[in-house]
>>> print(open('structure_24.cif').read())   # mmCIF, C-alpha atoms
data_protein
#
loop_
_atom_site.group_PDB
_atom_site.id
_atom_site.type_symbol
_atom_site.label_atom_id
_atom_site.label_comp_id
_atom_site.auth_asym_id
_atom_site.auth_seq_id
_atom_site.Cartn_x
_atom_site.Cartn_y
_atom_site.Cartn_z
ATOM 1 C CA MET A 1 0.000 0.000 0.000
ATOM 2 C CA GLN A 2 1.212 3.497 -0.903
ATOM 3 C CA ALA A 3 -0.151 6.873 0.144
ATOM 4 C CA ALA A 4 0.492 10.571 -0.396
ATOM 5 C CA SER A 5 -1.189 13.715 0.863
ATOM 6 C CA ILE A 6 -1.378 17.457 0.468
ATOM 7 C CA THR A 7 -3.044 20.332 2.283
ATOM 8 C CA ASN A 8 -2.899 23.983 1.215
ATOM 9 C CA ARG A 9 -4.591 27.231 2.173
ATOM 10 C CA GLY A 10 -5.420 27.974 -1.475
ATOM 11 C CA GLY A 11 -6.449 31.589 -1.916
ATOM 12 C CA ARG A 12 -7.376 32.077 1.735
ATOM 13 C CA THR A 13 -5.278 33.679 4.462
ATOM 14 C CA SER A 14 -5.345 30.567 6.668
ATOM 15 C CA ASN A 15 -5.832 26.823 6.242
ATOM 16 C CA GLU A 16 -8.778 25.326 8.128
ATOM 17 C CA ASP A 17 -8.230 21.875 6.592
ATOM 18 C CA HIS A 18 -6.223 19.266 8.461
ATOM 19 C CA ILE A 19 -5.021 15.763 7.657
ATOM 20 C CA SER A 20 -3.648 13.008 9.861
ATOM 21 C CA PHE A 21 -2.671 9.354 9.571
ATOM 22 C CA ALA A 22 -1.360 6.552 11.724
ATOM 23 C CA GLN A 23 -0.452 2.875 11.484
ATOM 24 C CA ALA A 24 -0.891 0.189 14.155
ATOM 25 C CA GLU A 25 -1.078 -3.604 14.059
ATOM 26 C CA GLY A 26 -1.035 -3.696 10.270
ATOM 27 C CA ILE A 27 -3.906 -1.216 9.890
ATOM 28 C CA TRP A 28 -3.656 2.280 8.431
ATOM 29 C CA CYS A 29 -5.898 5.112 9.580
ATOM 30 C CA PHE A 30 -6.292 8.139 7.290
ATOM 31 C CA VAL A 31 -8.308 11.197 8.361
ATOM 32 C CA LEU A 32 -9.133 14.458 6.575
ATOM 33 C CA CYS A 33 -11.127 17.310 8.097
ATOM 34 C CA ASP A 34 -12.361 20.711 6.961
ATOM 35 C CA GLY A 35 -13.040 23.098 9.841
ATOM 36 C CA LEU A 36 -15.899 25.573 10.176
ATOM 37 C CA GLY A 37 -16.654 28.332 12.637
ATOM 38 C CA GLY A 38 -14.780 31.457 11.602
ATOM 39 C CA HIS A 39 -12.144 33.445 13.516
ATOM 40 C CA LEU A 40 -9.618 30.604 13.153
ATOM 41 C CA CYS A 41 -11.911 28.237 15.078
ATOM 42 C CA GLY A 42 -12.124 26.057 11.988
ATOM 43 C CA GLU A 43 -8.390 25.401 12.251
ATOM 44 C CA ILE A 44 -8.801 24.323 15.861
ATOM 45 C CA ALA A 45 -11.812 22.111 15.145
ATOM 46 C CA SER A 46 -10.272 20.250 12.205
ATOM 47 C CA LYS A 47 -6.989 19.623 14.025
ATOM 48 C CA LEU A 48 -8.791 18.484 17.173
ATOM 49 C CA VAL A 49 -10.945 15.972 15.263
ATOM 50 C CA CYS A 50 -8.038 14.624 13.205
ATOM 51 C CA ASP A 51 -5.678 14.292 16.151
ATOM 52 C CA THR A 52 -8.304 12.724 18.422
ATOM 53 C CA VAL A 53 -9.268 10.128 15.815
ATOM 54 C CA THR A 54 -5.686 9.042 15.203
ATOM 55 C CA GLU A 55 -4.858 8.979 18.917
ATOM 56 C CA GLU A 56 -7.923 6.864 19.676
ATOM 57 C CA PHE A 57 -7.028 4.573 16.792
ATOM 58 C CA LYS A 58 -3.505 4.052 18.150
ATOM 59 C CA LYS A 59 -4.912 3.208 21.583
ATOM 60 C CA SER A 60 -7.292 0.578 20.189
ATOM 61 C CA PRO A 61 -6.599 -0.266 16.535
ATOM 62 C CA ALA A 62 -9.347 -2.299 14.866
ATOM 63 C CA LEU A 63 -10.830 -2.482 11.400
ATOM 64 C CA SER A 64 -14.572 -2.373 12.013
ATOM 65 C CA ALA A 65 -17.577 -0.099 11.677
ATOM 66 C CA CYS A 66 -17.824 0.013 15.468
ATOM 67 C CA SER A 67 -14.235 1.211 15.864
ATOM 68 C CA VAL A 68 -14.739 3.938 13.245
ATOM 69 C CA ARG A 69 -17.774 5.182 15.102
ATOM 70 C CA ASN A 70 -15.949 5.107 18.438
ATOM 71 C CA TYR A 71 -13.001 7.126 17.119
ATOM 72 C CA LEU A 72 -15.277 9.807 15.667
ATOM 73 C CA GLU A 73 -17.555 9.820 18.692
ATOM 74 C CA LYS A 74 -14.627 10.551 21.005
ATOM 75 C CA ALA A 75 -13.630 13.433 18.731
ATOM 76 C CA ALA A 76 -17.198 14.786 18.796
ATOM 77 C CA PHE A 77 -17.269 14.531 22.591
ATOM 78 C CA ILE A 78 -14.022 16.477 23.040
ATOM 79 C CA LEU A 79 -15.040 19.057 20.457
ATOM 80 C CA GLY A 80 -18.374 19.533 22.215
ATOM 81 C CA GLU A 81 -16.643 20.049 25.571
ATOM 82 C CA THR A 82 -14.298 22.602 24.024
ATOM 83 C CA ARG A 83 -17.243 24.517 22.563
ATOM 84 C CA GLU A 84 -19.003 24.591 25.931
ATOM 85 C CA ASN A 85 -15.937 25.755 27.855
ATOM 86 C CA ASP A 86 -14.936 28.608 25.539
ATOM 87 C CA SER A 87 -17.556 31.098 24.352
ATOM 88 C CA ASP A 88 -15.307 32.156 21.462
ATOM 89 C CA LYS A 89 -15.513 28.626 20.074
ATOM 90 C CA TYR A 90 -19.234 27.999 20.592
ATOM 91 C CA ASN A 91 -19.956 27.308 16.914
ATOM 92 C CA MET A 92 -16.806 25.581 15.735
ATOM 93 C CA SER A 93 -17.361 22.353 13.803
ATOM 94 C CA SER A 94 -15.609 20.166 11.283
ATOM 95 C CA THR A 95 -16.322 17.829 8.434
ATOM 96 C CA ALA A 96 -14.553 14.477 8.626
ATOM 97 C CA VAL A 97 -13.747 11.640 6.277
ATOM 98 C CA LEU A 98 -11.949 8.601 7.666
ATOM 99 C CA LEU A 99 -10.513 5.458 6.065
ATOM 100 C CA LEU A 100 -9.247 2.329 7.822
ATOM 101 C CA THR A 101 -7.522 -0.314 5.721
ATOM 102 C CA ASP A 102 -5.081 -3.187 6.059
ATOM 103 C CA GLY A 103 -4.638 -3.518 2.303
ATOM 104 C CA GLU A 104 -7.095 -6.399 2.056
ATOM 105 C CA LYS A 105 -10.207 -4.864 3.592
ATOM 106 C CA ALA A 106 -11.402 -1.349 4.315
ATOM 107 C CA VAL A 107 -14.102 0.597 6.115
ATOM 108 C CA TYR A 108 -14.754 4.322 5.913
ATOM 109 C CA ALA A 109 -16.986 7.019 7.339
ATOM 110 C CA HIS A 110 -17.796 10.661 6.750
ATOM 111 C CA SER A 111 -19.765 13.578 8.095
ATOM 112 C CA GLY A 112 -20.193 16.741 6.035
ATOM 113 C CA ASP A 113 -19.079 17.367 2.462
ATOM 114 C CA SER A 114 -15.509 16.078 2.535
ATOM 115 C CA ARG A 115 -15.537 13.097 0.184
ATOM 116 C CA LEU A 116 -14.087 9.635 -0.287
ATOM 117 C CA TYR A 117 -13.799 8.131 -3.764
ATOM 118 C CA HIS A 118 -13.156 4.393 -4.158
ATOM 119 C CA LEU A 119 -11.668 3.327 -7.488
ATOM 120 C CA THR A 120 -11.327 -0.176 -8.842
ATOM 121 C CA ASN A 121 -10.045 -1.234 -12.264
ATOM 122 C CA GLY A 122 -9.279 2.409 -12.967
ATOM 123 C CA SER A 123 -12.866 3.602 -12.530
ATOM 124 C CA ILE A 124 -14.787 5.153 -9.644
ATOM 125 C CA LEU A 125 -16.828 2.463 -7.917
ATOM 126 C CA SER A 126 -18.383 4.616 -5.197
ATOM 127 C CA ILE A 127 -18.431 8.142 -3.793
ATOM 128 C CA THR A 128 -19.646 9.256 -0.382
ATOM 129 C CA LYS A 129 -22.822 11.326 -0.363
ATOM 130 C CA ASP A 130 -22.339 14.948 0.684
ATOM 131 C CA HIS A 131 -24.286 15.982 3.757
ATOM 132 C CA SER A 132 -25.335 19.304 2.261
ATOM 133 C CA LEU A 133 -28.391 21.126 0.969
ATOM 134 C CA ALA A 134 -26.868 21.071 -2.510
ATOM 135 C CA TYR A 135 -26.695 17.280 -2.436
ATOM 136 C CA MET A 136 -30.325 17.191 -1.350
ATOM 137 C CA GLU A 137 -31.125 19.358 -4.388
ATOM 138 C CA TYR A 138 -29.332 16.802 -6.566
ATOM 139 C CA GLU A 139 -31.238 13.905 -5.016
ATOM 140 C CA SER A 140 -34.532 15.708 -5.610
ATOM 141 C CA GLY A 141 -33.639 16.222 -9.273
ATOM 142 C CA SER A 142 -33.398 20.024 -9.019
ATOM 143 C CA ILE A 143 -29.761 20.095 -10.153
ATOM 144 C CA THR A 144 -27.326 17.701 -11.810
ATOM 145 C CA TYR A 145 -24.497 16.033 -9.917
ATOM 146 C CA ASP A 146 -21.895 18.313 -11.478
ATOM 147 C CA GLU A 147 -23.966 21.380 -10.556
ATOM 148 C CA ILE A 148 -23.413 20.583 -6.880
ATOM 149 C CA ARG A 149 -20.012 22.255 -7.367
ATOM 150 C CA ARG A 150 -21.616 25.571 -8.306
ATOM 151 C CA SER A 151 -24.695 25.516 -6.091
ATOM 152 C CA PRO A 152 -24.970 28.349 -3.519
ATOM 153 C CA ASN A 153 -26.072 25.631 -1.090
ATOM 154 C CA GLN A 154 -22.953 23.529 -1.594
ATOM 155 C CA ASN A 155 -21.400 24.567 1.724
ATOM 156 C CA ARG A 156 -24.636 24.536 3.721
ATOM 157 C CA LEU A 157 -24.158 21.323 5.645
ATOM 158 C CA THR A 158 -26.798 19.021 7.097
ATOM 159 C CA ARG A 159 -24.282 17.039 9.165
ATOM 160 C CA CYS A 160 -20.829 17.633 10.609
ATOM 161 C CA ILE A 161 -18.783 16.861 13.717
ATOM 162 C CA ASN A 162 -19.531 19.321 16.539
ATOM 163 C CA ASP A 163 -20.859 17.447 19.586
ATOM 164 C CA ILE A 164 -22.185 14.044 20.618
ATOM 165 C CA TYR A 165 -25.707 15.463 20.417
ATOM 166 C CA GLY A 166 -26.900 14.910 16.867
ATOM 167 C CA PHE A 167 -23.766 12.846 16.156
ATOM 168 C CA SER A 168 -24.579 10.803 13.034
ATOM 169 C CA PRO A 169 -21.667 9.932 10.746
ATOM 170 C CA GLU A 170 -22.336 7.755 7.722
ATOM 171 C CA ILE A 171 -20.339 4.518 7.962
ATOM 172 C CA SER A 172 -19.693 1.985 5.202
ATOM 173 C CA ASP A 173 -19.768 -1.775 5.387
ATOM 174 C CA ILE A 174 -16.463 -3.641 5.444
ATOM 175 C CA ILE A 175 -15.350 -3.950 1.821
ATOM 176 C CA GLU A 176 -12.936 -6.416 0.208
ATOM 177 C CA LEU A 177 -10.074 -4.889 -1.764
ATOM 178 C CA SER A 178 -8.141 -5.998 -4.821
ATOM 179 C CA LYS A 179 -4.678 -5.090 -6.046
ATOM 180 C CA GLY A 180 -4.856 -1.775 -7.857
ATOM 181 C CA ASP A 181 -7.811 -0.416 -5.881
ATOM 182 C CA ALA A 182 -7.435 3.191 -4.800
ATOM 183 C CA PHE A 183 -9.002 5.765 -2.507
ATOM 184 C CA LEU A 184 -9.101 9.536 -2.676
ATOM 185 C CA LEU A 185 -10.113 11.489 0.431
ATOM 186 C CA CYS A 186 -10.559 15.201 -0.205
ATOM 187 C CA SER A 187 -12.129 18.423 1.021
ATOM 188 C CA ASP A 188 -14.646 20.412 -1.010
ATOM 189 C CA GLY A 189 -11.926 22.890 -1.989
ATOM 190 C CA PHE A 190 -10.348 20.020 -3.912
ATOM 191 C CA TRP A 191 -13.304 18.236 -5.539
ATOM 192 C CA GLU A 192 -14.901 21.535 -6.529
ATOM 193 C CA TYR A 193 -12.211 21.898 -9.216
ATOM 194 C CA VAL A 194 -11.329 18.253 -9.891
ATOM 195 C CA THR A 195 -14.158 16.312 -11.535
ATOM 196 C CA GLU A 196 -14.828 12.592 -11.492
ATOM 197 C CA ASN A 197 -13.458 12.299 -15.031
ATOM 198 C CA ASP A 198 -10.312 14.131 -13.929
ATOM 199 C CA ILE A 199 -9.876 11.730 -11.016
ATOM 200 C CA GLU A 200 -10.194 8.645 -13.229
ATOM 201 C CA ASN A 201 -8.079 9.944 -16.112
ATOM 202 C CA THR A 202 -5.202 11.083 -13.914
ATOM 203 C CA PHE A 203 -5.267 7.836 -11.952
ATOM 204 C CA ARG A 204 -5.017 5.685 -15.090
ATOM 205 C CA THR A 205 -1.816 7.447 -16.121
ATOM 206 C CA SER A 206 -0.160 7.468 -12.687
ATOM 207 C CA LEU A 207 2.098 4.843 -11.159
ATOM 208 C CA SER A 208 2.052 6.198 -7.617
ATOM 209 C CA PRO A 209 -0.173 8.225 -5.260
ATOM 210 C CA LYS A 210 2.308 11.105 -5.420
ATOM 211 C CA LYS A 211 2.109 11.314 -9.216
ATOM 212 C CA TRP A 212 -1.669 10.945 -9.103
ATOM 213 C CA LEU A 213 -1.961 13.854 -6.676
ATOM 214 C CA ARG A 214 0.437 15.963 -8.726
ATOM 215 C CA LYS A 215 -1.676 15.496 -11.867
ATOM 216 C CA MET A 216 -4.923 16.256 -10.042
ATOM 217 C CA LEU A 217 -3.352 19.393 -8.566
ATOM 218 C CA SER A 218 -2.412 20.531 -12.046
ATOM 219 C CA THR A 219 -6.085 20.234 -13.017
ATOM 220 C CA LEU A 220 -7.163 22.055 -9.860
ATOM 221 C CA HIS A 221 -4.846 24.970 -10.617
ATOM 222 C CA GLU A 222 -6.161 25.183 -14.176
ATOM 223 C CA ASN A 223 -9.743 25.514 -12.907
ATOM 224 C CA GLU A 224 -9.421 27.394 -9.610
ATOM 225 C CA THR A 225 -10.722 30.923 -9.123
ATOM 226 C CA ASP A 226 -9.389 33.859 -7.126
ATOM 227 C CA LYS A 227 -9.602 33.356 -3.368
ATOM 228 C CA ASN A 228 -10.394 29.668 -3.832
ATOM 229 C CA ASP A 229 -10.986 27.614 -0.703
ATOM 230 C CA ASN A 230 -8.420 25.583 1.220
ATOM 231 C CA TYR A 231 -7.827 22.245 -0.486
ATOM 232 C CA SER A 232 -6.602 18.940 0.886
ATOM 233 C CA ALA A 233 -6.385 15.378 -0.356
ATOM 234 C CA ILE A 234 -5.064 11.948 0.594
ATOM 235 C CA ALA A 235 -4.414 9.403 -2.172
ATOM 236 C CA VAL A 236 -4.075 5.710 -1.316
ATOM 237 C CA ILE A 237 -3.262 2.897 -3.752
ATOM 238 C CA ILE A 238 -3.430 -0.795 -2.847
ATOM 239 C CA ASN A 239 -0.589 -2.851 -4.348
#
>>> encode(input="structure_24.cif", output="structure tokens")
Amino acid sequence: MQAASITNRGGRTSNEDHISFAQAEGIWCFVLCDGLGGHLCGEIASKLVCDTVTEEFKKSPALSACSVRNYLEKAAFILGETRENDSDKYNMSSTAVLLLTDGEKAVYAHSGDSRLYHLTNGSILSITKDHSLAYMEYESGSITYDEIRRSPNQNRLTRCINDIYGFSPEISDIIELSKGDAFLLCSDGFWEYVTENDIENTFRTSLSPKKWLRKMLSTLHENETDKNDNYSAIAVIIN
């Protein structure tokens, strides 16, 4: 298994995205978060969620839906306590997307609009569903899937990590992996400018996660606008 990652503030003055990863007992844990809350609280929220998840994973590494939920729940609990104890941080929250894999199996979870793409045989097999009003518009038939990227409701979230009250991440089943399978975890500042076709086409011509990321970043820079959002991504290839 190979992996590479990037996080960048884009056209913003600060970076409220955060990424983290850890390995224990043959299992890898990859986490990507996009913070919300303003006044730098997003930076605090995303780092807190990422760091808590990886620390909890290292304490009790396991590849299961239950373990994924436990790691995220602990992060939500600590984030909720922090919000309650500091009035300046009362509204800070974070998206989260988390992948656990041992190279043969995987399980993942997400809350918010940070995405996970699973590729097999060079094509996208599945994509997490954004927890946003824009995604609800897509499901109702009001807009197309690609129009989610340009919808004014794209960043209006219906779920995120902020407290144990209302805690409801979406968790996958355990999936079997094959050689050549790949995962892309990314924030909305990344997938807004890198389409599904871009993801597949760059993957098919890349021999490593680092090269895959480099090619996707080239596409992002071709399409980005002034003051574009923070962007982060983790690329994982099973070999």
>>> residues_around(input="structure_24.cif", residues="A:Cys50", least_positions_apart="5", cutoff="7 Å", atoms="only C-alpha atoms", output="list in words")
His18, Ile19, Ser20, Val31, Leu32 and Cys33 of chain A
>>> write_last_selection(input="structure_24.cif", atoms="C-alpha atoms", output="mmCIF file, in the frame of the given file")
data_model
loop_
_atom_site.group_PDB
_atom_site.id
_atom_site.type_symbol
_atom_site.label_atom_id
_atom_site.label_comp_id
_atom_site.auth_asym_id
_atom_site.auth_seq_id
_atom_site.Cartn_x
_atom_site.Cartn_y
_atom_site.Cartn_z
ATOM 1 C CA HIS A 18 -6.223 19.266 8.461
ATOM 2 C CA ILE A 19 -5.021 15.763 7.657
ATOM 3 C CA SER A 20 -3.648 13.008 9.861
ATOM 4 C CA VAL A 31 -8.308 11.197 8.361
ATOM 5 C CA LEU A 32 -9.133 14.458 6.575
ATOM 6 C CA CYS A 33 -11.127 17.310 8.097
#
>>> closest_residue(input="structure_24.cif", among="A:Ile238, A:Ala76, A:Leu220, A:Ala24", to="A:Ser111", atoms="all atoms listed in the file")
A:Ala76
>>> residues_near_point(input="structure_24.cif", point="(-16.4, 31.0, 19.1)", cutoff="8 Å", atoms="only C-alpha atoms", output="NGL selection string")
:A and (37-39 or 41 or 83 or 86-92)
>>> residues_around(input="structure_24.cif", residues="A:Pro61", least_positions_apart="4", cutoff="8 Å", atoms="only C-alpha atoms", output="PDB file with C-alpha atoms, in the frame of the given file")
ATOM      1  CA  ALA A  24      -0.891   0.189  14.155  1.00  0.00           C
ATOM      2  CA  GLU A  25      -1.078  -3.604  14.059  1.00  0.00           C
ATOM      3  CA  ILE A  27      -3.906  -1.216   9.890  1.00  0.00           C
ATOM      4  CA  GLU A  56      -7.923   6.864  19.676  1.00  0.00           C
ATOM      5  CA  PHE A  57      -7.028   4.573  16.792  1.00  0.00           C
ATOM      6  CA  SER A  67     -14.235   1.211  15.864  1.00  0.00           C
TER       7      SER A  67
END
>>> resolve_selection(input="structure_24.cif", expression="the PyMOL selection byres ((chain A and resi 8) around 8)", output="number ranges by chain")
A: 6-7, 9-10, 15, 17, 230-232
>>> write_last_selection(input="structure_24.cif", atoms="C-alpha atoms", output="short mmCIF file (atom, residue, chain, number, x, y, z; two decimals), in the frame of the given file")
data_model
loop_
_atom_site.label_atom_id
_atom_site.label_comp_id
_atom_site.auth_asym_id
_atom_site.auth_seq_id
_atom_site.Cartn_x
_atom_site.Cartn_y
_atom_site.Cartn_z
CA ILE A 6 -1.38 17.46 0.47
CA THR A 7 -3.04 20.33 2.28
CA ARG A 9 -4.59 27.23 2.17
CA GLY A 10 -5.42 27.97 -1.48
CA ASN A 15 -5.83 26.82 6.24
CA ASP A 17 -8.23 21.88 6.59
CA ASN A 230 -8.42 25.58 1.22
CA TYR A 231 -7.83 22.24 -0.49
CA SER A 232 -6.60 18.94 0.89
#
>>> atom_distance(input="structure_24.cif", atom1="atom CA of A:Asn121", atom2="atom CA of A:Lys210")
18.8 Å
>>> resolve_selection(input="structure_24.cif", expression="the PyMOL selection byres ((chain A and resi 3-5) around 10)", output="PyMOL selection string")
chain A and resi 1-2+6-7+19-21+30+32+182-186+208-214+232-238
>>> closest_residue(input="structure_24.cif", among="A:Leu100, A:Val49, A:Leu79, A:Leu119", to="A:Ser178", atoms="all atoms listed in the file")
A:Leu119
>>> closest_residue(input="structure_24.cif", among="A:Gln23, A:Leu177, A:Asn239, A:Thr13", to="A:Leu125", atoms="all atoms listed in the file")
A:Leu177
>>> residues_near_point(input="structure_24.cif", point="(-11.2, 22.2, 10.5)", cutoff="6 Å", atoms="only C-alpha atoms", output="PDB file with C-alpha atoms, in the frame of the given file")
ATOM      1  CA  GLU A  16      -8.778  25.326   8.128  1.00  0.00           C
ATOM      2  CA  ASP A  17      -8.230  21.875   6.592  1.00  0.00           C
ATOM      3  CA  CYS A  33     -11.127  17.310   8.097  1.00  0.00           C
ATOM      4  CA  ASP A  34     -12.361  20.711   6.961  1.00  0.00           C
ATOM      5  CA  GLY A  35     -13.040  23.098   9.841  1.00  0.00           C
ATOM      6  CA  LEU A  36     -15.899  25.573  10.176  1.00  0.00           C
ATOM      7  CA  GLY A  42     -12.124  26.057  11.988  1.00  0.00           C
ATOM      8  CA  GLU A  43      -8.390  25.401  12.251  1.00  0.00           C
ATOM      9  CA  ALA A  45     -11.812  22.111  15.145  1.00  0.00           C
ATOM     10  CA  SER A  46     -10.272  20.250  12.205  1.00  0.00           C
ATOM     11  CA  SER A  94     -15.609  20.166  11.283  1.00  0.00           C
TER      12      SER A  94
END
>>> closest_residue(input="structure_24.cif", among="A:Arg156, A:Lys227, A:Lys58, A:Arg115", to="A:Ala134", atoms="only C-alpha atoms")
A:Arg156
>>> residues_around(input="structure_24.cif", residues="stretch 147-155 of chain A", least_positions_apart="5", cutoff="7 Å", atoms="only C-alpha atoms", output="ChimeraX atom specification")
/A:132-135,192
>>> resolve_selection(input="structure_24.cif", expression="the PyMOL selection byres ((chain A and resi 163-168) around 8)", output="ChimeraX atom specification")
/A:73,76-81,111,159-162,169-170
>>> residues_around(input="structure_24.cif", residues="A:Glu224", least_positions_apart="2", cutoff="10 Å", atoms="only C-alpha atoms", output="ChimeraX atom specification")
/A:10-11,189-190,192-194,219-222,226-229
>>> atom_distance(input="structure_24.cif", atom1="atom CA of A:Ile171", atom2="atom CA of A:Leu116")
11.5 Å
>>> axis_aligned_box(input="structure_24.cif", around="stretch 10-20 of chain A", padding_each_side="3 Å", output="AutoDock Vina command-line options")
--center_x -6.2 --center_y 23.3 --center_z 4.0 --size_x 11.1 --size_y 26.7 --size_z 17.8
>>> atom_distance(input="structure_24.cif", atom1="atom CA of A:Asp173", atom2="atom CA of A:Leu98")
13.2 Å
>>> build_atoms(input="structure_24.cif", residues="stretch 158-174 of chain A", atoms="N, CA and C atoms", output="short mmCIF file (atom, residue, chain, number, x, y, z; two decimals), in the coordinates of the input")
data_model
loop_
_atom_site.label_atom_id
_atom_site.label_comp_id
_atom_site.auth_asym_id
_atom_site.auth_seq_id
_atom_site.Cartn_x
_atom_site.Cartn_y
_atom_site.Cartn_z
N THR A 158 -25.73 19.62 6.30
CA THR A 158 -26.80 19.02 7.10
C THR A 158 -26.25 18.13 8.21
N ARG A 159 -24.96 17.79 8.11
CA ARG A 159 -24.28 17.04 9.16
C ARG A 159 -22.83 17.48 9.23
N CYS A 160 -22.25 17.40 10.42
CA CYS A 160 -20.83 17.63 10.61
C CYS A 160 -20.48 17.13 12.01
N ILE A 161 -19.22 17.25 12.38
CA ILE A 161 -18.78 16.86 13.72
C ILE A 161 -18.75 18.11 14.58
N ASN A 162 -19.56 18.16 15.63
CA ASN A 162 -19.53 19.32 16.54
C ASN A 162 -19.83 18.96 17.99
N ASP A 163 -20.51 17.85 18.22
CA ASP A 163 -20.86 17.45 19.59
C ASP A 163 -21.42 16.03 19.51
N ILE A 164 -21.58 15.38 20.64
CA ILE A 164 -22.18 14.04 20.62
C ILE A 164 -23.69 14.12 20.40
N TYR A 165 -24.28 15.29 20.65
CA TYR A 165 -25.71 15.46 20.42
C TYR A 165 -25.92 15.68 18.92
N GLY A 166 -26.71 14.85 18.31
CA GLY A 166 -26.90 14.91 16.87
C GLY A 166 -25.78 14.24 16.09
N PHE A 167 -24.88 13.54 16.79
CA PHE A 167 -23.77 12.85 16.16
C PHE A 167 -24.29 11.73 15.25
N SER A 168 -24.04 11.81 13.95
CA SER A 168 -24.58 10.80 13.03
C SER A 168 -23.72 10.66 11.78
N PRO A 169 -22.50 10.15 11.93
CA PRO A 169 -21.67 9.93 10.75
C PRO A 169 -22.25 8.80 9.89
N GLU A 170 -21.92 8.83 8.63
CA GLU A 170 -22.34 7.76 7.72
C GLU A 170 -21.17 6.79 7.59
N ILE A 171 -21.41 5.51 7.89
CA ILE A 171 -20.34 4.52 7.96
C ILE A 171 -20.59 3.41 6.96
N SER A 172 -19.56 3.02 6.23
CA SER A 172 -19.69 1.98 5.20
C SER A 172 -19.67 0.59 5.83
N ASP A 173 -20.01 -0.39 5.02
CA ASP A 173 -19.77 -1.78 5.39
C ASP A 173 -18.28 -2.07 5.19
N ILE A 174 -17.82 -3.17 5.73
CA ILE A 174 -16.46 -3.64 5.44
C ILE A 174 -16.43 -4.07 3.98
#
